[in-house]
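Colleague: Please find work_37.cif (mmCIF, C-alpha atoms) on the next line:
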```cif
data_my_file
#
loop_
_atom_site.label_atom_id
_atom_site.label_comp_id
_atom_site.auth_asym_id
_atom_site.auth_seq_id
_atom_site.Cartn_x
_atom_site.Cartn_y
_atom_site.Cartn_z
CA MET A 1 22.82 -28.19 -32.85
CA GLN A 2 20.17 -26.90 -35.27
CA ARG A 3 21.71 -25.16 -38.28
CA LEU A 4 20.29 -21.65 -38.80
CA PRO A 5 19.61 -19.79 -42.05
CA PRO A 6 21.56 -16.60 -42.86
CA LEU A 7 20.72 -13.65 -40.58
CA ARG A 8 20.14 -11.35 -43.56
CA ALA A 9 17.49 -13.72 -44.92
CA LEU A 10 15.70 -13.72 -41.56
CA GLN A 11 15.84 -9.92 -41.47
CA ALA A 12 14.33 -9.69 -44.94
CA PHE A 13 11.58 -12.11 -43.95
CA ARG A 14 10.91 -10.21 -40.70
CA TYR A 15 10.22 -6.90 -42.41
CA ALA A 16 8.40 -8.39 -45.39
CA ALA A 17 6.13 -10.40 -43.09
CA ARG A 18 5.49 -7.41 -40.84
CA GLU A 19 4.38 -5.12 -43.71
CA LEU A 20 3.36 -7.79 -46.25
CA SER A 21 5.58 -5.88 -48.65
CA PHE A 22 8.93 -6.68 -50.24
CA LYS A 23 9.26 -2.96 -51.00
CA ALA A 24 8.92 -2.04 -47.30
CA ALA A 25 11.48 -4.68 -46.38
CA ALA A 26 13.87 -3.28 -48.98
CA GLU A 27 13.49 0.24 -47.57
CA ALA A 28 14.02 -0.97 -43.99
CA LEU A 29 17.21 -2.81 -44.93
CA SER A 30 18.44 -0.28 -47.51
CA ILE A 31 18.67 -2.91 -50.23
CA SER A 32 16.79 -3.53 -53.47
CA GLN A 33 13.48 -5.39 -53.78
CA ALA A 34 15.27 -7.94 -55.93
CA ALA A 35 17.72 -8.57 -53.08
CA VAL A 36 14.82 -9.02 -50.63
CA SER A 37 13.19 -11.50 -53.00
CA THR A 38 16.49 -13.40 -53.32
CA HIS A 39 16.94 -13.56 -49.53
CA ILE A 40 13.40 -14.82 -48.97
CA ARG A 41 13.63 -17.40 -51.74
CA GLY A 42 16.87 -18.61 -50.19
CA LEU A 43 15.10 -18.93 -46.81
CA GLU A 44 12.27 -20.88 -48.43
CA ASN A 45 14.78 -23.22 -50.05
CA PHE A 46 16.56 -23.65 -46.70
CA LEU A 47 13.29 -24.60 -45.00
CA GLY A 48 11.85 -26.53 -47.92
CA LEU A 49 8.52 -24.70 -47.88
CA LYS A 50 6.78 -21.57 -49.16
CA LEU A 51 6.50 -18.60 -46.85
CA PHE A 52 4.65 -16.21 -49.16
CA VAL A 53 1.97 -16.44 -51.81
CA ARG A 54 3.16 -14.04 -54.51
CA LEU A 55 0.33 -12.24 -56.30
CA THR A 56 0.47 -9.56 -59.03
CA ARG A 57 0.43 -6.52 -56.71
CA GLU A 58 0.83 -8.03 -53.24
CA VAL A 59 2.20 -10.88 -51.21
CA ARG A 60 0.47 -12.89 -48.52
CA LEU A 61 1.89 -15.14 -45.84
CA THR A 62 1.24 -18.83 -46.06
CA HIS A 63 0.13 -20.71 -42.96
CA GLU A 64 3.76 -21.68 -42.32
CA GLY A 65 4.88 -18.09 -42.98
CA ARG A 66 2.48 -16.70 -40.37
CA ALA A 67 3.70 -19.22 -37.79
CA LEU A 68 7.36 -18.55 -38.51
CA SER A 69 6.93 -14.75 -38.43
CA GLY A 70 5.98 -14.88 -34.73
CA TYR A 71 9.13 -16.77 -33.82
CA VAL A 72 11.35 -14.54 -35.96
CA GLU A 73 9.89 -11.31 -34.54
CA THR A 74 10.26 -12.55 -30.95
CA GLY A 75 13.80 -13.71 -31.62
CA PHE A 76 14.92 -10.38 -33.07
CA LEU A 77 13.25 -8.41 -30.25
CA GLU A 78 15.05 -10.47 -27.63
CA LEU A 79 18.34 -10.10 -29.47
CA GLU A 80 17.90 -6.32 -29.76
CA ARG A 81 17.05 -6.04 -26.08
CA GLY A 82 20.05 -8.11 -25.08
CA ILE A 83 22.43 -6.07 -27.22
CA ALA A 84 21.01 -2.86 -25.75
CA LEU A 85 22.04 -4.00 -22.26
CA PHE A 86 25.71 -4.17 -23.26
CA SER A 87 26.00 -1.49 -25.93
CA PRO A 88 27.84 1.80 -25.28
CA ASP A 89 25.86 4.54 -23.58
CA SER A 90 24.00 6.41 -26.33
CA ASP A 91 23.18 9.43 -24.16
CA PRO A 92 25.93 10.01 -21.55
CA GLY A 93 24.47 13.37 -20.53
CA ARG A 94 21.08 12.05 -19.44
CA LEU A 95 20.48 9.79 -16.43
CA THR A 96 17.12 8.09 -15.87
CA VAL A 97 16.49 6.62 -12.42
CA ALA A 98 13.39 4.59 -11.62
CA THR A 99 12.20 4.05 -8.05
CA VAL A 100 9.11 3.49 -5.95
CA PRO A 101 7.01 6.67 -5.53
CA SER A 102 7.25 6.77 -1.73
CA PHE A 103 11.06 6.71 -1.70
CA ALA A 104 11.18 9.26 -4.52
CA SER A 105 8.93 11.79 -2.81
CA ARG A 106 9.90 11.32 0.85
CA TRP A 107 13.67 10.68 0.59
CA LEU A 108 15.16 11.22 -2.87
CA VAL A 109 13.55 14.46 -4.08
CA PRO A 110 14.35 16.46 -0.89
CA ARG A 111 18.04 15.60 -1.38
CA ILE A 112 18.41 15.56 -5.17
CA ASP A 113 19.41 19.23 -5.41
CA SER A 114 22.89 18.41 -4.12
CA PHE A 115 23.40 15.84 -6.89
CA GLN A 116 22.38 18.34 -9.55
CA LYS A 117 24.77 20.93 -8.12
CA ALA A 118 27.63 18.43 -7.99
CA TYR A 119 26.98 17.11 -11.53
CA PRO A 120 25.38 19.93 -13.53
CA GLN A 121 26.43 18.23 -16.79
CA ILE A 122 24.03 15.34 -16.11
CA LYS A 123 20.35 15.85 -16.89
CA LEU A 124 18.48 13.77 -14.32
CA SER A 125 15.12 12.18 -14.99
CA LEU A 126 13.23 10.44 -12.17
CA GLN A 127 10.58 7.81 -12.88
CA PRO A 128 8.50 7.10 -9.76
CA ASN A 129 6.74 3.85 -10.56
CA LEU A 130 5.45 0.82 -8.68
CA GLN A 131 6.07 -1.38 -11.74
CA LEU A 132 9.47 -3.04 -12.01
CA VAL A 133 11.51 -1.91 -15.01
CA ASP A 134 13.38 -4.50 -17.05
CA PHE A 135 15.95 -2.18 -18.77
CA GLN A 136 14.87 -3.53 -22.15
CA GLY A 137 14.14 -0.52 -24.30
CA ASP A 138 12.63 1.57 -21.49
CA GLY A 139 15.53 4.04 -21.30
CA VAL A 140 16.14 3.45 -17.60
CA ASP A 141 19.77 3.55 -16.46
CA LEU A 142 19.36 2.62 -12.79
CA ALA A 143 16.58 1.46 -10.49
CA ILE A 144 16.22 1.83 -6.73
CA ARG A 145 14.18 -1.15 -5.64
CA PHE A 146 12.70 -2.12 -2.31
CA GLY A 147 12.85 -5.89 -2.11
CA ASN A 148 14.95 -8.94 -1.33
CA GLY A 149 17.78 -8.13 -3.76
CA ASP A 150 17.14 -11.10 -6.04
CA TYR A 151 16.71 -9.75 -9.57
CA PRO A 152 17.75 -12.39 -12.15
CA GLY A 153 19.93 -11.11 -14.96
CA LEU A 154 20.66 -7.83 -13.16
CA GLN A 155 23.33 -6.68 -10.74
CA SER A 156 21.99 -5.74 -7.31
CA ARG A 157 23.89 -3.60 -4.78
CA PRO A 158 22.67 -2.94 -1.21
CA LEU A 159 21.84 0.72 -0.67
CA LEU A 160 19.96 1.20 2.58
CA GLU A 161 19.09 -1.09 5.48
CA GLU A 162 15.54 -0.19 6.43
CA ARG A 163 13.92 -0.29 9.86
CA LEU A 164 10.28 -0.01 10.88
CA LEU A 165 9.01 2.06 13.80
CA PRO A 166 5.66 3.40 15.01
CA VAL A 167 5.02 7.07 14.20
CA CYS A 168 2.14 9.47 14.74
CA HIS A 169 1.25 13.13 14.91
CA SER A 170 2.14 14.73 18.24
CA ARG A 171 -1.47 15.69 18.98
CA LEU A 172 -2.45 12.04 18.97
CA ILE A 173 -0.46 11.39 22.17
CA ASP A 174 -0.15 14.95 23.58
CA ASN A 175 3.66 14.72 23.44
CA GLU A 176 3.69 12.14 26.24
CA PRO A 177 5.59 8.83 26.19
CA ALA A 178 3.16 6.00 25.53
CA THR A 179 2.83 2.54 27.05
CA PRO A 180 2.10 -0.52 24.89
CA GLU A 181 -1.41 -0.62 26.34
CA HIS A 182 -1.94 3.00 25.37
CA LEU A 183 -0.73 2.37 21.82
CA ALA A 184 -3.05 -0.63 21.41
CA GLY A 185 -6.03 1.62 22.05
CA LEU A 186 -5.06 4.26 19.47
CA PRO A 187 -6.42 4.27 15.90
CA TRP A 188 -3.97 2.34 13.70
CA LEU A 189 -3.24 2.82 10.02
CA ILE A 190 -1.97 -0.37 8.41
CA ASP A 191 0.32 -0.82 5.41
CA GLU A 192 -0.88 -3.96 3.63
CA SER A 193 2.08 -4.20 1.26
CA ILE A 194 3.30 -7.76 0.70
CA ASP A 195 6.38 -7.30 2.88
CA MET A 196 4.52 -5.92 5.90
CA GLU A 197 2.42 -8.87 7.09
CA SER A 198 5.22 -10.67 8.91
CA SER A 199 6.66 -7.33 10.11
CA TRP A 200 3.32 -6.38 11.65
CA MET A 201 3.28 -9.63 13.62
CA ALA A 202 6.92 -9.18 14.69
CA PHE A 203 6.22 -5.64 15.85
CA GLN A 204 3.30 -6.72 18.06
CA GLU A 205 5.45 -9.49 19.51
CA LYS A 206 8.19 -6.98 20.40
CA LEU A 207 5.60 -4.56 21.73
CA GLY A 208 4.34 -7.34 24.01
CA ILE A 209 0.69 -6.77 23.27
CA GLU A 210 -1.72 -7.62 20.46
CA ILE A 211 -3.33 -4.69 18.71
CA PRO A 212 -7.02 -5.55 18.17
CA ASP A 213 -8.62 -5.34 14.74
CA SER A 214 -11.08 -2.84 16.19
CA SER A 215 -8.20 -0.35 16.52
CA ILE A 216 -7.38 -0.52 12.79
CA THR A 217 -9.18 2.35 11.07
CA LEU A 218 -7.45 2.49 7.67
CA ARG A 219 -5.57 0.09 5.41
CA VAL A 220 -3.38 1.22 2.49
CA THR A 221 -0.85 -0.36 0.15
CA GLU A 222 1.42 2.59 -0.67
CA GLY A 223 3.84 4.43 1.63
CA THR A 224 3.17 8.00 0.49
CA THR A 225 -0.55 7.68 1.23
CA LEU A 226 0.27 6.31 4.66
CA VAL A 227 2.60 9.21 5.46
CA GLU A 228 -0.08 11.74 4.47
CA ALA A 229 -2.67 10.00 6.64
CA VAL A 230 -0.35 10.04 9.66
CA LEU A 231 0.48 13.72 9.05
CA ALA A 232 -3.25 14.45 9.04
CA GLY A 233 -3.52 12.96 12.53
CA ARG A 234 -5.65 10.01 11.38
CA GLY A 235 -3.75 7.56 13.56
CA ILE A 236 -0.48 5.78 14.28
CA ALA A 237 1.36 3.56 11.78
CA LEU A 238 4.31 1.21 11.56
CA MET A 239 6.47 2.89 8.92
CA ARG A 240 9.79 2.71 7.12
CA TYR A 241 12.26 5.07 8.77
CA SER A 242 13.51 6.42 5.43
CA LEU A 243 10.06 7.81 4.66
CA VAL A 244 9.63 9.68 7.94
CA ALA A 245 13.20 10.54 9.00
CA ASP A 246 12.93 14.20 7.97
CA LEU A 247 9.49 14.54 9.56
CA LEU A 248 10.77 13.11 12.84
CA LYS A 249 13.76 15.46 12.85
CA THR A 250 11.54 18.52 12.33
CA GLY A 251 9.01 17.38 14.95
CA LEU A 252 6.10 17.07 12.54
CA LEU A 253 5.83 13.42 13.54
CA GLN A 254 6.86 11.54 16.66
CA CYS A 255 7.86 8.03 17.62
CA PRO A 256 5.83 7.51 20.83
CA ILE A 257 7.77 4.48 22.07
CA ASP A 258 11.40 3.41 21.66
CA ILE A 259 10.76 0.27 19.64
CA SER A 260 11.86 -0.59 16.09
CA ILE A 261 12.34 -3.76 14.06
CA PRO A 262 14.32 -4.55 10.87
CA ALA A 263 12.23 -4.46 7.71
CA GLU A 264 11.80 -7.64 5.71
CA TYR A 265 12.82 -5.82 2.51
CA GLN A 266 15.73 -3.44 1.96
CA TYR A 267 16.68 -0.88 -0.69
CA TYR A 268 18.94 -1.92 -3.56
CA LEU A 269 20.54 -0.24 -6.54
CA VAL A 270 19.71 -2.43 -9.52
CA ALA A 271 20.87 -2.35 -13.16
CA PRO A 272 22.59 -4.46 -15.80
CA GLU A 273 26.31 -4.73 -15.08
CA ALA A 274 27.16 -2.58 -18.12
CA LYS A 275 25.05 0.30 -16.76
CA PHE A 276 27.05 0.38 -13.53
CA ARG A 277 30.20 0.98 -15.59
CA THR A 278 28.93 4.20 -17.19
CA ASP A 279 30.24 7.49 -15.78
CA LYS A 280 26.78 8.91 -15.09
CA VAL A 281 25.60 5.89 -13.09
CA ARG A 282 28.90 5.75 -11.20
CA ALA A 283 28.44 9.43 -10.30
CA PHE A 284 24.91 8.83 -9.01
CA VAL A 285 25.90 5.70 -7.07
CA SER A 286 28.76 7.60 -5.40
CA TRP A 287 26.46 10.48 -4.51
CA ILE A 288 23.56 8.48 -3.12
CA SER A 289 25.85 6.12 -1.18
CA GLY A 290 27.37 9.16 0.52
CA LYS A 291 23.92 10.53 1.35
CA VAL A 292 22.82 7.24 2.87
CA SER A 293 25.95 6.96 5.00
CA THR A 294 25.32 10.42 6.50
CA LYS A 295 21.56 10.04 7.01
#
```
Let's see the structure in the file written out as structure tokens.
Modeller:
Amino acid sequence: MQRLPPLRALQAFRYAARELSFKAAAEALSISQAAVSTHIRGLENFLGLKLFVRLTREVRLTHEGRALSGYVETGFLELERGIALFSPDSDPGRLTVATVPSFASRWLVPRIDSFQKAYPQIKLSLQPNLQLVDFQGDGVDLAIRFGNGDYPGLQSRPLLEERLLPVCHSRLIDNEPATPEHLAGLPWLIDESIDMESSWMAFQEKLGIEIPDSSITLRVTEGTTLVEAVLAGRGIALMRYSLVADLLKTGLLQCPIDISIPAEYQYYLVAPEAKFRTDKVRAFVSWISGKVSTK
């Protein structure tokens, strides 16, 4: 196993290389410039090469120093990120939850008032975002992800089993039950998200009829946009039940035929294991699990 130099020497080199200043490194580490110089000279002796060119009023990195600084900076960043995943909660009164925008706007936000009433001591921050968070310095405590549940290095807990069903505005079908042939002739709005291609084929197979490309009038890649288009009466769409459940209950949208299929992806609660042990995340998990079970 490769022997490593002292951590303090690497820290001194990191800050000195970043600022090209022994004084800045001393301030960052709360030690004297002489101590920084001693640490760096010890590192140079350990490696058997010069890392800095020392001039009268400045220092410059040697070729080897520039190369090493990249590895040292990356190593410390990874170490800091890893420690952050397992360190005690620095802000127990604030909870940051990241999730996809469609689930946030169509399911979570309409219900979040009950969480805030039940846990007024927790300041909730929602981050609707299509990008996956990595919990490394982004301040996120918990993510609600729509996927296959495989998130390396993170704990993943099933939240909601999703189903897909056709929905449309009532005026599109005049409140009458529809036959598969009737549906095939309606204008269709297609979700082209990565998980929907196989689901679209499975739905047509269960419907027993192929929907022609000529019936497809709009293609989108985000659920909220699709919901708004359906609400506007633009056409019929195969949609996740969680996004339209409230609209179906109030009659703003209808399911014209009694057919549904399981979605390829499902919703998961995702976070580092240490995050799940915090009181604020445990409170949110308990709350949202109860809401899902009574949907």
Colleague: Could you list the residues chosen by the PyMOL selection byres ((chain A and resi 135) around 12) in this structure as a PyMOL selection string?
Modeller: chain A and resi 80-86+96-98+132-134+136-143+151+153-155+270-275
Colleague: Keeping only C-alpha atoms, take the residues you just selected and write them out as a PDB file, keeping the file's coordinate frame.
Modeller:
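Output (selection.pdb):
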```pdb
ATOM      1  CA  GLU A  80      17.900  -6.320 -29.760  1.00  0.00           C
ATOM      2  CA  ARG A  81      17.050  -6.040 -26.080  1.00  0.00           C
ATOM      3  CA  GLY A  82      20.050  -8.110 -25.080  1.00  0.00           C
ATOM      4  CA  ILE A  83      22.430  -6.070 -27.220  1.00  0.00           C
ATOM      5  CA  ALA A  84      21.010  -2.860 -25.750  1.00  0.00           C
ATOM      6  CA  LEU A  85      22.040  -4.000 -22.260  1.00  0.00           C
ATOM      7  CA  PHE A  86      25.710  -4.170 -23.260  1.00  0.00           C
ATOM      8  CA  THR A  96      17.120   8.090 -15.870  1.00  0.00           C
ATOM      9  CA  VAL A  97      16.490   6.620 -12.420  1.00  0.00           C
ATOM     10  CA  ALA A  98      13.390   4.590 -11.620  1.00  0.00           C
ATOM     11  CA  LEU A 132       9.470  -3.040 -12.010  1.00  0.00           C
ATOM     12  CA  VAL A 133      11.510  -1.910 -15.010  1.00  0.00           C
ATOM     13  CA  ASP A 134      13.380  -4.500 -17.050  1.00  0.00           C
ATOM     14  CA  GLN A 136      14.870  -3.530 -22.150  1.00  0.00           C
ATOM     15  CA  GLY A 137      14.140  -0.520 -24.300  1.00  0.00           C
ATOM     16  CA  ASP A 138      12.630   1.570 -21.490  1.00  0.00           C
ATOM     17  CA  GLY A 139      15.530   4.040 -21.300  1.00  0.00           C
ATOM     18  CA  VAL A 140      16.140   3.450 -17.600  1.00  0.00           C
ATOM     19  CA  ASP A 141      19.770   3.550 -16.460  1.00  0.00           C
ATOM     20  CA  LEU A 142      19.360   2.620 -12.790  1.00  0.00           C
ATOM     21  CA  ALA A 143      16.580   1.460 -10.490  1.00  0.00           C
ATOM     22  CA  TYR A 151      16.710  -9.750  -9.570  1.00  0.00           C
ATOM     23  CA  GLY A 153      19.930 -11.110 -14.960  1.00  0.00           C
ATOM     24  CA  LEU A 154      20.660  -7.830 -13.160  1.00  0.00           C
ATOM     25  CA  GLN A 155      23.330  -6.680 -10.740  1.00  0.00           C
ATOM     26  CA  VAL A 270      19.710  -2.430  -9.520  1.00  0.00           C
ATOM     27  CA  ALA A 271      20.870  -2.350 -13.160  1.00  0.00           C
ATOM     28  CA  PRO A 272      22.590  -4.460 -15.800  1.00  0.00           C
ATOM     29  CA  GLU A 273      26.310  -4.730 -15.080  1.00  0.00           C
ATOM     30  CA  ALA A 274      27.160  -2.580 -18.120  1.00  0.00           C
ATOM     31  CA  LYS A 275      25.050   0.300 -16.760  1.00  0.00           C
TER      32      LYS A 275
END
```
Colleague: Name the residues that the PyMOL selection byres ((chain A and resi 169) around 10) picks from the file above, as number ranges by chain, using the file's chain letters and numbers.
Modeller: A: 167-168, 170-175, 229-236, 247-248, 251-256
Colleague: So that I can check the surroundings of Ala16 of chain A, please list as a compact mmCIF listing (two decimals) with C-alpha atoms, in the coordinates of the input every protein, DNA and RNA residue that reaches within 12 Å of it, counting all atoms listed in the file and ignoring chain neighbours fewer than 6 positions away.
Modeller:
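Here's the written file result-v5.txt:
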```txt
# COMPACT_ATOMS: atom_id res chain seq x y z
CA ALA A 9 17.49 -13.72 -44.92
CA LEU A 10 15.70 -13.72 -41.56
CA PHE A 22 8.93 -6.68 -50.24
CA LYS A 23 9.26 -2.96 -51.00
CA ALA A 24 8.92 -2.04 -47.30
CA ALA A 25 11.48 -4.68 -46.38
CA ALA A 26 13.87 -3.28 -48.98
CA GLU A 27 13.49 0.24 -47.57
CA ALA A 28 14.02 -0.97 -43.99
CA LEU A 29 17.21 -2.81 -44.93
CA GLN A 33 13.48 -5.39 -53.78
CA VAL A 36 14.82 -9.02 -50.63
CA SER A 37 13.19 -11.50 -53.00
CA HIS A 39 16.94 -13.56 -49.53
CA ILE A 40 13.40 -14.82 -48.97
CA LEU A 51 6.50 -18.60 -46.85
CA PHE A 52 4.65 -16.21 -49.16
CA ARG A 54 3.16 -14.04 -54.51
CA GLU A 58 0.83 -8.03 -53.24
CA VAL A 59 2.20 -10.88 -51.21
CA ARG A 60 0.47 -12.89 -48.52
CA LEU A 61 1.89 -15.14 -45.84
CA GLY A 65 4.88 -18.09 -42.98
CA ARG A 66 2.48 -16.70 -40.37
CA SER A 69 6.93 -14.75 -38.43
CA VAL A 72 11.35 -14.54 -35.96
CA GLU A 73 9.89 -11.31 -34.54
```
Colleague: Expand the PyMOL selection byres ((chain A and resi 194) around 12) into the individual residues it matches in the shown file, reporting them as an MDAnalysis selection string.
Modeller: chainID A and resid 146:148 190:193 195:200 220:222 263:265
Colleague: Which is closest to Leu164 of chain A among A:Met201, A:Ile144, A:Leu238, A:Ile112, if we use all atoms listed in the file?
Modeller: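 So, comparing all the options, the nearest one is A:Leu238.
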Colleague: Point out the residue among A:Phe284, A:Val53, A:Thr250, A:Pro92 with the least atom-to-atom distance to Ser21 of chain A, counting all atoms listed in the file.
Modeller: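 With all atoms listed in the file as the atom set, the closest residue is A:Val53.
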Colleague: Smallest atom-to-atom distance to Gln127 of chain A: which of A:Ser260, A:Ser32, A:Ser105, A:Ser156, using only C-alpha atoms?
Modeller: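 Smallest distance to Gln127 of chain A is found for A:Ser105.
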Colleague: Which one of A:Glu78, A:Glu210, A:Glu205, A:Glu162 sits closest to Gly185 of chain A if you count all atoms listed in the file?
Modeller: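 Looking only at the distances to Gly185 of chain A, the closest residue turns out to be A:Glu210.
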Colleague: Using all atoms listed in the file for the distances, tell me which of A:Thr99, A:Leu55, A:Ala17, A:Arg94 is nearest to Tyr71 of chain A.
Modeller: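 Of the candidates, the smallest distance to Tyr71 of chain A is held by A:Ala17.
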Colleague: Around (13.3, 12.6, -6.2) in the file's own coordinates, what residues are found within 12 Å if you use only C-alpha atoms, given back as a VMD selection string?
Modeller: chain A and resid 96 to 116 124 to 129 144 288
Colleague: So the first atom is atom CA of Leu243 of chain A and the second is atom CA of Arg163 of chain A; what is the distance between them in Å, to one decimal place?
Modeller: 10.4 Å
Colleague: Do you know which residues are at most 7 Å from segment 186-188 of chain A counting only C-alpha atoms, after dropping those on the same chain fewer than 3 positions away, and could you put them as number ranges by chain?
Modeller: A: 182-183, 215-218, 235-237
Colleague: Can you tell me which residues surround Pro180 of chain A at a distance of at most 8 Å, considering all atoms listed in the file, apart from same-chain residues fewer than 5 positions away, and format the answer as JSON, numbers by chain?
Modeller: {"A": [207, 208, 209]}
Colleague: What gap, in Å, lies between atom CA of Leu269 of chain A and atom CA of Ser293 of chain A?
Modeller: 14.6 Å
Colleague: Find the residue from A:Asp91, A:Asp246, A:Asp258, A:Asp150 that sits nearest to Asp279 of chain A; use all atoms listed in the file when measuring.
Modeller: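 Of all the options, A:Asp91 lies closest to Asp279 of chain A.
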Colleague: So how many Å separate atom CA of Thr224 of chain A and atom CA of Lys249 of chain A, to one decimal?
Modeller: 17.9 Å
Colleague: Extract, using only C-alpha atoms, all DNA, RNA and protein residues at most 12 Å from Arg3 of chain A, discarding same-chain residues fewer than 4 positions from it, and format them as number ranges by chain.
Modeller: A: 7, 46-47
